[in-house]
>>> print(open('start.cif').read())   # mmCIF, C-alpha atoms
data_start
loop_
_atom_site.label_atom_id
_atom_site.label_comp_id
_atom_site.auth_asym_id
_atom_site.auth_seq_id
_atom_site.Cartn_x
_atom_site.Cartn_y
_atom_site.Cartn_z
CA MET X 1 10.09 -17.30 5.40
CA ASN X 2 12.60 -14.46 5.52
CA GLN X 3 11.20 -12.22 2.77
CA ASP X 4 14.05 -9.69 3.02
CA LYS X 5 16.68 -12.41 2.57
CA ILE X 6 14.78 -13.99 -0.34
CA GLY X 7 14.34 -10.57 -1.97
CA LYS X 8 18.05 -9.76 -1.74
CA PHE X 9 18.87 -13.22 -3.15
CA ILE X 10 16.54 -12.70 -6.14
CA ALA X 11 18.13 -9.29 -6.79
CA ARG X 12 21.67 -10.72 -6.54
CA GLU X 13 20.93 -13.63 -8.87
CA ARG X 14 19.11 -11.35 -11.34
CA LYS X 15 22.11 -9.01 -11.50
CA ALA X 16 24.44 -11.99 -11.90
CA LYS X 17 22.44 -12.87 -15.04
CA CYS X 18 22.79 -9.23 -16.22
CA LEU X 19 19.02 -8.72 -16.20
CA THR X 20 17.12 -5.57 -15.24
CA GLN X 21 13.93 -5.83 -13.21
CA ARG X 22 11.98 -4.97 -16.38
CA GLN X 23 13.71 -7.72 -18.42
CA LEU X 24 13.03 -10.31 -15.72
CA ALA X 25 9.40 -9.15 -15.48
CA GLU X 26 8.95 -9.44 -19.26
CA LYS X 27 10.27 -13.01 -19.21
CA LEU X 28 7.70 -13.87 -16.53
CA ASN X 29 4.92 -11.81 -18.17
CA ILE X 30 4.40 -9.69 -15.04
CA SER X 31 4.99 -6.04 -14.14
CA ASP X 32 8.40 -4.79 -13.01
CA LYS X 33 6.61 -3.49 -9.88
CA THR X 34 6.02 -7.12 -8.89
CA VAL X 35 9.73 -7.94 -9.25
CA SER X 36 10.59 -4.80 -7.27
CA LYS X 37 8.16 -5.87 -4.53
CA TRP X 38 9.85 -9.28 -4.28
CA GLU X 39 13.34 -7.75 -4.16
CA CYS X 40 12.30 -5.23 -1.48
CA GLY X 41 11.06 -8.10 0.70
CA LYS X 42 7.41 -6.97 0.52
CA GLY X 43 6.14 -10.29 -0.81
CA LEU X 44 7.16 -13.69 -2.09
CA PRO X 45 6.81 -14.91 -5.68
CA GLU X 46 3.50 -16.68 -6.18
CA VAL X 47 3.69 -20.46 -6.58
CA MET X 48 2.91 -20.26 -10.32
CA PHE X 49 6.00 -18.05 -10.87
CA MET X 50 8.48 -19.98 -8.72
CA LEU X 51 9.58 -22.61 -11.27
CA PRO X 52 9.86 -20.16 -14.21
CA LEU X 53 11.74 -17.66 -11.99
CA CYS X 54 14.13 -20.36 -10.76
CA GLY X 55 14.70 -21.52 -14.36
CA ILE X 56 15.61 -17.99 -15.47
CA LEU X 57 17.91 -17.39 -12.48
CA GLY X 58 19.47 -20.87 -12.59
CA ILE X 59 18.53 -21.75 -9.01
CA SER X 60 16.33 -24.38 -7.36
CA VAL X 61 13.03 -23.67 -5.58
CA ASN X 62 14.73 -24.82 -2.38
CA GLU X 63 17.45 -22.18 -2.84
CA LEU X 64 14.82 -19.54 -3.64
CA LEU X 65 12.89 -20.26 -0.42
CA SER X 66 16.15 -20.41 1.57
CA GLY X 67 17.33 -17.09 0.14
CA GLU X 68 20.79 -18.51 -0.57
CA ARG X 69 22.73 -21.07 -2.57
CA VAL X 70 22.48 -24.48 -0.90
CA SER X 71 25.22 -27.10 -0.99
CA GLN X 72 24.35 -30.71 -1.84
CA GLU X 73 24.97 -31.75 1.79
CA GLU X 74 22.53 -29.13 3.15
CA TYR X 75 19.89 -29.59 0.43
CA GLN X 76 17.65 -32.10 2.27
CA LYS X 77 17.80 -30.20 5.55
CA LYS X 78 16.91 -26.89 3.86
CA ALA X 79 14.07 -28.53 1.92
CA GLU X 80 12.56 -29.82 5.16
CA GLU X 81 12.96 -26.42 6.87
CA ASN X 82 11.30 -24.64 3.94
CA MET X 83 8.40 -27.11 3.88
CA MET X 84 7.85 -26.65 7.62
CA ASN X 85 7.94 -22.86 7.26
CA LEU X 86 5.26 -22.97 4.55
CA VAL X 87 3.06 -25.27 6.64
CA ARG X 88 3.57 -23.07 9.73
CA GLU X 89 2.65 -19.90 7.80
CA LYS X 90 -0.60 -21.46 6.54
CA GLU X 91 -1.46 -22.77 10.02
CA GLU X 92 -0.92 -19.33 11.56
CA SER X 93 -3.17 -17.74 8.92
CA ARG X 94 -5.84 -20.39 9.49
CA LYS X 95 -5.70 -19.78 13.27
CA LYS X 96 -6.14 -16.02 12.73
CA ILE X 97 -9.24 -16.60 10.59
CA ILE X 98 -10.75 -18.97 13.19
CA LEU X 99 -9.91 -16.51 15.98
CA SER X 100 -11.58 -13.66 14.05
CA VAL X 101 -14.82 -15.70 13.80
CA ILE X 102 -14.66 -16.50 17.54
CA VAL X 103 -14.10 -12.83 18.43
CA VAL X 104 -17.13 -11.72 16.38
CA ALA X 105 -19.29 -14.46 17.93
CA MET X 106 -18.19 -13.52 21.46
CA GLY X 107 -18.82 -9.83 20.80
CA LEU X 108 -22.34 -10.58 19.58
CA MET X 109 -23.02 -12.98 22.48
CA ALA X 110 -21.98 -10.26 24.94
CA ALA X 111 -23.85 -7.42 23.20
CA ILE X 112 -27.21 -9.08 22.42
CA PRO X 113 -28.14 -9.91 26.07
CA LEU X 114 -27.35 -6.30 27.06
CA ILE X 115 -29.61 -4.92 24.33
CA ILE X 116 -32.40 -7.39 25.22
CA SER X 117 -32.07 -6.51 28.93
CA ALA X 118 -32.33 -2.81 28.10
CA GLN X 119 -35.62 -3.49 26.26
CA ILE X 120 -37.25 -5.97 28.66
CA PHE X 121 -36.49 -4.77 32.18
CA GLU X 122 -37.73 -1.63 33.89
CA MET X 123 -34.96 0.92 34.31
CA SER X 124 -34.27 4.60 33.96
CA ALA X 125 -33.66 6.07 30.52
CA GLY X 126 -30.04 6.82 31.48
CA THR X 127 -29.37 3.21 32.48
CA ARG X 128 -31.06 1.94 29.30
CA ILE X 129 -28.89 4.24 27.11
CA MET X 130 -25.77 3.18 29.02
CA LEU X 131 -26.50 -0.56 28.50
CA ILE X 132 -27.16 -0.08 24.78
CA GLY X 133 -23.97 2.05 24.51
CA ILE X 134 -21.87 -0.66 26.23
CA ALA X 135 -23.40 -3.30 23.94
CA LEU X 136 -22.52 -1.30 20.82
CA VAL X 137 -18.95 -0.66 22.02
CA VAL X 138 -18.44 -4.39 22.75
CA MET X 139 -19.94 -5.39 19.39
CA PHE X 140 -17.91 -2.92 17.30
CA ALA X 141 -14.70 -3.65 19.23
CA GLY X 142 -15.17 -7.36 18.46
CA ILE X 143 -15.79 -6.64 14.77
CA GLY X 144 -12.73 -4.34 14.66
CA VAL X 145 -10.41 -6.96 16.18
CA ALA X 146 -11.84 -9.61 13.83
CA CYS X 147 -11.17 -7.36 10.79
CA VAL X 148 -7.52 -6.85 11.81
CA LEU X 149 -7.01 -10.61 12.30
CA ASP X 150 -8.74 -11.48 9.02
CA ARG X 151 -6.79 -8.90 7.00
CA ASP X 152 -3.45 -10.09 8.41
CA ALA X 153 -4.23 -13.78 7.80
CA GLY X 154 -2.41 -14.52 4.54
CA ALA X 155 -2.97 -12.13 1.62
CA PHE X 156 -5.30 -11.28 -1.25
CA GLU X 157 -4.55 -12.54 -4.77
CA CYS X 158 -5.35 -10.37 -7.80
CA PRO X 159 -7.18 -12.44 -10.47
CA GLU X 160 -5.64 -10.31 -13.24
CA CYS X 161 -1.88 -10.48 -12.52
CA ARG X 162 -1.81 -13.14 -9.71
CA SER X 163 0.07 -10.74 -7.44
CA ARG X 164 -0.48 -11.23 -3.71
CA PHE X 165 -0.76 -8.28 -1.34
CA VAL X 166 -2.08 -7.17 2.04
CA PRO X 167 -4.36 -4.12 1.60
CA ASP X 168 -4.30 -1.16 3.96
CA MET X 169 -7.08 -1.19 6.56
CA GLY X 170 -9.11 1.52 4.82
CA ALA X 171 -9.26 -0.40 1.53
CA TYR X 172 -10.03 -3.61 3.41
CA LEU X 173 -12.95 -2.09 5.34
CA MET X 174 -14.42 -0.24 2.36
CA GLY X 175 -14.14 -3.14 -0.12
CA PRO X 176 -17.41 -4.97 -0.84
CA HIS X 177 -16.90 -8.68 -0.19
CA THR X 178 -18.19 -12.21 -0.30
CA ILE X 179 -17.00 -14.83 2.19
CA THR X 180 -13.69 -15.53 0.39
CA ARG X 181 -13.23 -12.52 -1.94
CA ARG X 182 -12.97 -8.77 -1.47
CA ARG X 183 -13.11 -6.00 -4.10
CA LEU X 184 -9.69 -4.33 -3.94
CA LYS X 185 -7.29 -2.39 -6.14
CA CYS X 186 -4.14 -4.38 -6.96
CA PRO X 187 -0.99 -2.35 -6.14
CA ASP X 188 0.89 -4.04 -9.03
CA CYS X 189 -1.45 -3.92 -12.03
CA GLY X 190 -3.75 -1.18 -10.68
CA LYS X 191 -6.96 -3.06 -11.57
CA MET X 192 -9.98 -3.14 -9.28
CA SER X 193 -11.40 -6.67 -8.95
CA TYR X 194 -12.63 -9.28 -6.50
CA CYS X 195 -9.40 -10.64 -5.01
CA LYS X 196 -9.34 -14.08 -3.41
CA HIS X 197 -8.26 -14.40 0.22
CA VAL X 198 -5.37 -16.91 0.33
CA LEU X 199 -3.51 -18.31 3.35
CA SER X 200 0.06 -17.61 2.19
CA LYS X 201 1.71 -14.33 1.25
#
>>> encode(input="start.cif", output="structure tokens")
Amino acid sequence: MNQDKIGKFIARERKAKCLTQRQLAEKLNISDKTVSKWECGKGLPEVMFMLPLCGILGISVNELLSGERVSQEEYQKKAEENMMNLVREKEESRKKIILSVIVVAMGLMAAIPLIISAQIFEMSAGTRIMLIGIALVVMFAGIGVACVLDRDAGAFECPECRSRFVPDMGAYLMGPHTITRRRLKCPDCGKMSYCKHVLSK
């Protein structure tokens, strides 16, 4: 999905209806920051807002996802392209999550034998420290790569305002989490809550 193109299209259609960002936000019961985020190409409207948004702007969901008005002749082709783009985006996010699990597993599988070897076999203190140091570097490098992949796979959805966002790395690392949720501050509503990890932005 071309978020910049979609954002400019939303802005153009909103202005054509003589609506401000605040007026459009009020009609959708969201913050004007969320509308601004869409129009700046920093995120797509969540699925629950697509039909109401399209109704207000007088466009179809297909046109929204295409980022342009679509003629009757092109409608089917654009619908298929948009569907494939959504499927592709979810598949890419799923692959990143699987890859992050593999990277962590490989890091641990490489580090644990080194640590065990350092404990079991006779060697100098310097060699023992070096093996443990290498094991820790491998383990933390694997965890670091996995965190980057996991954070970039999809987005996090605020349970309060349903806004989707990708947190900065500091907030991601410091946020307490369960397997599918992470405690983060929503950039739109400003509330701190356990946000669900979703596969699409």
>>> closest_residue(input="start.cif", among="X:Phe9, X:Leu114, X:Asp4, X:Ser100", to="X:Thr127", atoms="all atoms listed in the file")
X:Leu114
>>> resolve_selection(input="start.cif", expression="the PyMOL selection byres ((chain X and resi 11-21) around 8)", output="list in words")
Gly7, Lys8, Phe9, Ile10, Arg22, Gln23, Leu24, Ala25, Asp32, Val35, Ser36, Glu39 and Leu57 of chain X
>>> closest_residue(input="start.cif", among="X:Leu53, X:Leu99, X:Met83, X:Ile59", to="X:Val145", atoms="only C-alpha atoms")
X:Leu99
>>> residues_around(input="start.cif", residues="stretch 183-198 of chain X", least_positions_apart="5", cutoff="8 Å", atoms="only C-alpha atoms", output="PyMOL selection string")
chain X and resi 31+33-34+154-161+163+165+167+171-172+175-177
>>> write_last_selection(input="start.cif", atoms="C-alpha atoms", output="PDB file, in the frame of the given file")
ATOM      1  CA  SER X  31       4.990  -6.040 -14.140  1.00  0.00           C
ATOM      2  CA  LYS X  33       6.610  -3.490  -9.880  1.00  0.00           C
ATOM      3  CA  THR X  34       6.020  -7.120  -8.890  1.00  0.00           C
ATOM      4  CA  GLY X 154      -2.410 -14.520   4.540  1.00  0.00           C
ATOM      5  CA  ALA X 155      -2.970 -12.130   1.620  1.00  0.00           C
ATOM      6  CA  PHE X 156      -5.300 -11.280  -1.250  1.00  0.00           C
ATOM      7  CA  GLU X 157      -4.550 -12.540  -4.770  1.00  0.00           C
ATOM      8  CA  CYS X 158      -5.350 -10.370  -7.800  1.00  0.00           C
ATOM      9  CA  PRO X 159      -7.180 -12.440 -10.470  1.00  0.00           C
ATOM     10  CA  GLU X 160      -5.640 -10.310 -13.240  1.00  0.00           C
ATOM     11  CA  CYS X 161      -1.880 -10.480 -12.520  1.00  0.00           C
ATOM     12  CA  SER X 163       0.070 -10.740  -7.440  1.00  0.00           C
ATOM     13  CA  PHE X 165      -0.760  -8.280  -1.340  1.00  0.00           C
ATOM     14  CA  PRO X 167      -4.360  -4.120   1.600  1.00  0.00           C
ATOM     15  CA  ALA X 171      -9.260  -0.400   1.530  1.00  0.00           C
ATOM     16  CA  TYR X 172     -10.030  -3.610   3.410  1.00  0.00           C
ATOM     17  CA  GLY X 175     -14.140  -3.140  -0.120  1.00  0.00           C
ATOM     18  CA  PRO X 176     -17.410  -4.970  -0.840  1.00  0.00           C
ATOM     19  CA  HIS X 177     -16.900  -8.680  -0.190  1.00  0.00           C
TER      20      HIS X 177
END
>>> resolve_selection(input="start.cif", expression="the PyMOL selection byres ((chain X and resi 51) around 12)", output="PDB file with C-alpha atoms, keeping the file's coordinate frame")
ATOM      1  CA  LEU X  28       7.700 -13.870 -16.530  1.00  0.00           C
ATOM      2  CA  PRO X  45       6.810 -14.910  -5.680  1.00  0.00           C
ATOM      3  CA  GLU X  46       3.500 -16.680  -6.180  1.00  0.00           C
ATOM      4  CA  VAL X  47       3.690 -20.460  -6.580  1.00  0.00           C
ATOM      5  CA  MET X  48       2.910 -20.260 -10.320  1.00  0.00           C
ATOM      6  CA  PHE X  49       6.000 -18.050 -10.870  1.00  0.00           C
ATOM      7  CA  MET X  50       8.480 -19.980  -8.720  1.00  0.00           C
ATOM      8  CA  PRO X  52       9.860 -20.160 -14.210  1.00  0.00           C
ATOM      9  CA  LEU X  53      11.740 -17.660 -11.990  1.00  0.00           C
ATOM     10  CA  CYS X  54      14.130 -20.360 -10.760  1.00  0.00           C
ATOM     11  CA  GLY X  55      14.700 -21.520 -14.360  1.00  0.00           C
ATOM     12  CA  ILE X  56      15.610 -17.990 -15.470  1.00  0.00           C
ATOM     13  CA  LEU X  57      17.910 -17.390 -12.480  1.00  0.00           C
ATOM     14  CA  GLY X  58      19.470 -20.870 -12.590  1.00  0.00           C
ATOM     15  CA  ILE X  59      18.530 -21.750  -9.010  1.00  0.00           C
ATOM     16  CA  SER X  60      16.330 -24.380  -7.360  1.00  0.00           C
ATOM     17  CA  VAL X  61      13.030 -23.670  -5.580  1.00  0.00           C
ATOM     18  CA  ASN X  62      14.730 -24.820  -2.380  1.00  0.00           C
ATOM     19  CA  GLU X  63      17.450 -22.180  -2.840  1.00  0.00           C
ATOM     20  CA  LEU X  64      14.820 -19.540  -3.640  1.00  0.00           C
ATOM     21  CA  LEU X  65      12.890 -20.260  -0.420  1.00  0.00           C
TER      22      LEU X  65
END
>>> resolve_selection(input="start.cif", expression="the PyMOL selection byres ((chain X and resi 101) around 12)", output="list in words")
Arg94, Lys95, Lys96, Ile97, Ile98, Leu99, Ser100, Ile102, Val103, Val104, Ala105, Met106, Gly107, Leu108, Gly142, Ile143, Gly144, Val145, Ala146, Cys147, Val148, Leu149, Asp150 and Ile179 of chain X
>>> write_last_selection(input="start.cif", atoms="C-alpha atoms", output="PDB file, in the coordinates of the input")
ATOM      1  CA  ARG X  94      -5.840 -20.390   9.490  1.00  0.00           C
ATOM      2  CA  LYS X  95      -5.700 -19.780  13.270  1.00  0.00           C
ATOM      3  CA  LYS X  96      -6.140 -16.020  12.730  1.00  0.00           C
ATOM      4  CA  ILE X  97      -9.240 -16.600  10.590  1.00  0.00           C
ATOM      5  CA  ILE X  98     -10.750 -18.970  13.190  1.00  0.00           C
ATOM      6  CA  LEU X  99      -9.910 -16.510  15.980  1.00  0.00           C
ATOM      7  CA  SER X 100     -11.580 -13.660  14.050  1.00  0.00           C
ATOM      8  CA  ILE X 102     -14.660 -16.500  17.540  1.00  0.00           C
ATOM      9  CA  VAL X 103     -14.100 -12.830  18.430  1.00  0.00           C
ATOM     10  CA  VAL X 104     -17.130 -11.720  16.380  1.00  0.00           C
ATOM     11  CA  ALA X 105     -19.290 -14.460  17.930  1.00  0.00           C
ATOM     12  CA  MET X 106     -18.190 -13.520  21.460  1.00  0.00           C
ATOM     13  CA  GLY X 107     -18.820  -9.830  20.800  1.00  0.00           C
ATOM     14  CA  LEU X 108     -22.340 -10.580  19.580  1.00  0.00           C
ATOM     15  CA  GLY X 142     -15.170  -7.360  18.460  1.00  0.00           C
ATOM     16  CA  ILE X 143     -15.790  -6.640  14.770  1.00  0.00           C
ATOM     17  CA  GLY X 144     -12.730  -4.340  14.660  1.00  0.00           C
ATOM     18  CA  VAL X 145     -10.410  -6.960  16.180  1.00  0.00           C
ATOM     19  CA  ALA X 146     -11.840  -9.610  13.830  1.00  0.00           C
ATOM     20  CA  CYS X 147     -11.170  -7.360  10.790  1.00  0.00           C
ATOM     21  CA  VAL X 148      -7.520  -6.850  11.810  1.00  0.00           C
ATOM     22  CA  LEU X 149      -7.010 -10.610  12.300  1.00  0.00           C
ATOM     23  CA  ASP X 150      -8.740 -11.480   9.020  1.00  0.00           C
ATOM     24  CA  ILE X 179     -17.000 -14.830   2.190  1.00  0.00           C
TER      25      ILE X 179
END
>>> atom_distance(input="start.cif", atom1="atom CA of X:Val138", atom2="atom CA of X:Met174")
21.2 Å
>>> atom_distance(input="start.cif", atom1="atom CA of X:Ile115", atom2="atom CA of X:Ile132")
5.4 Å
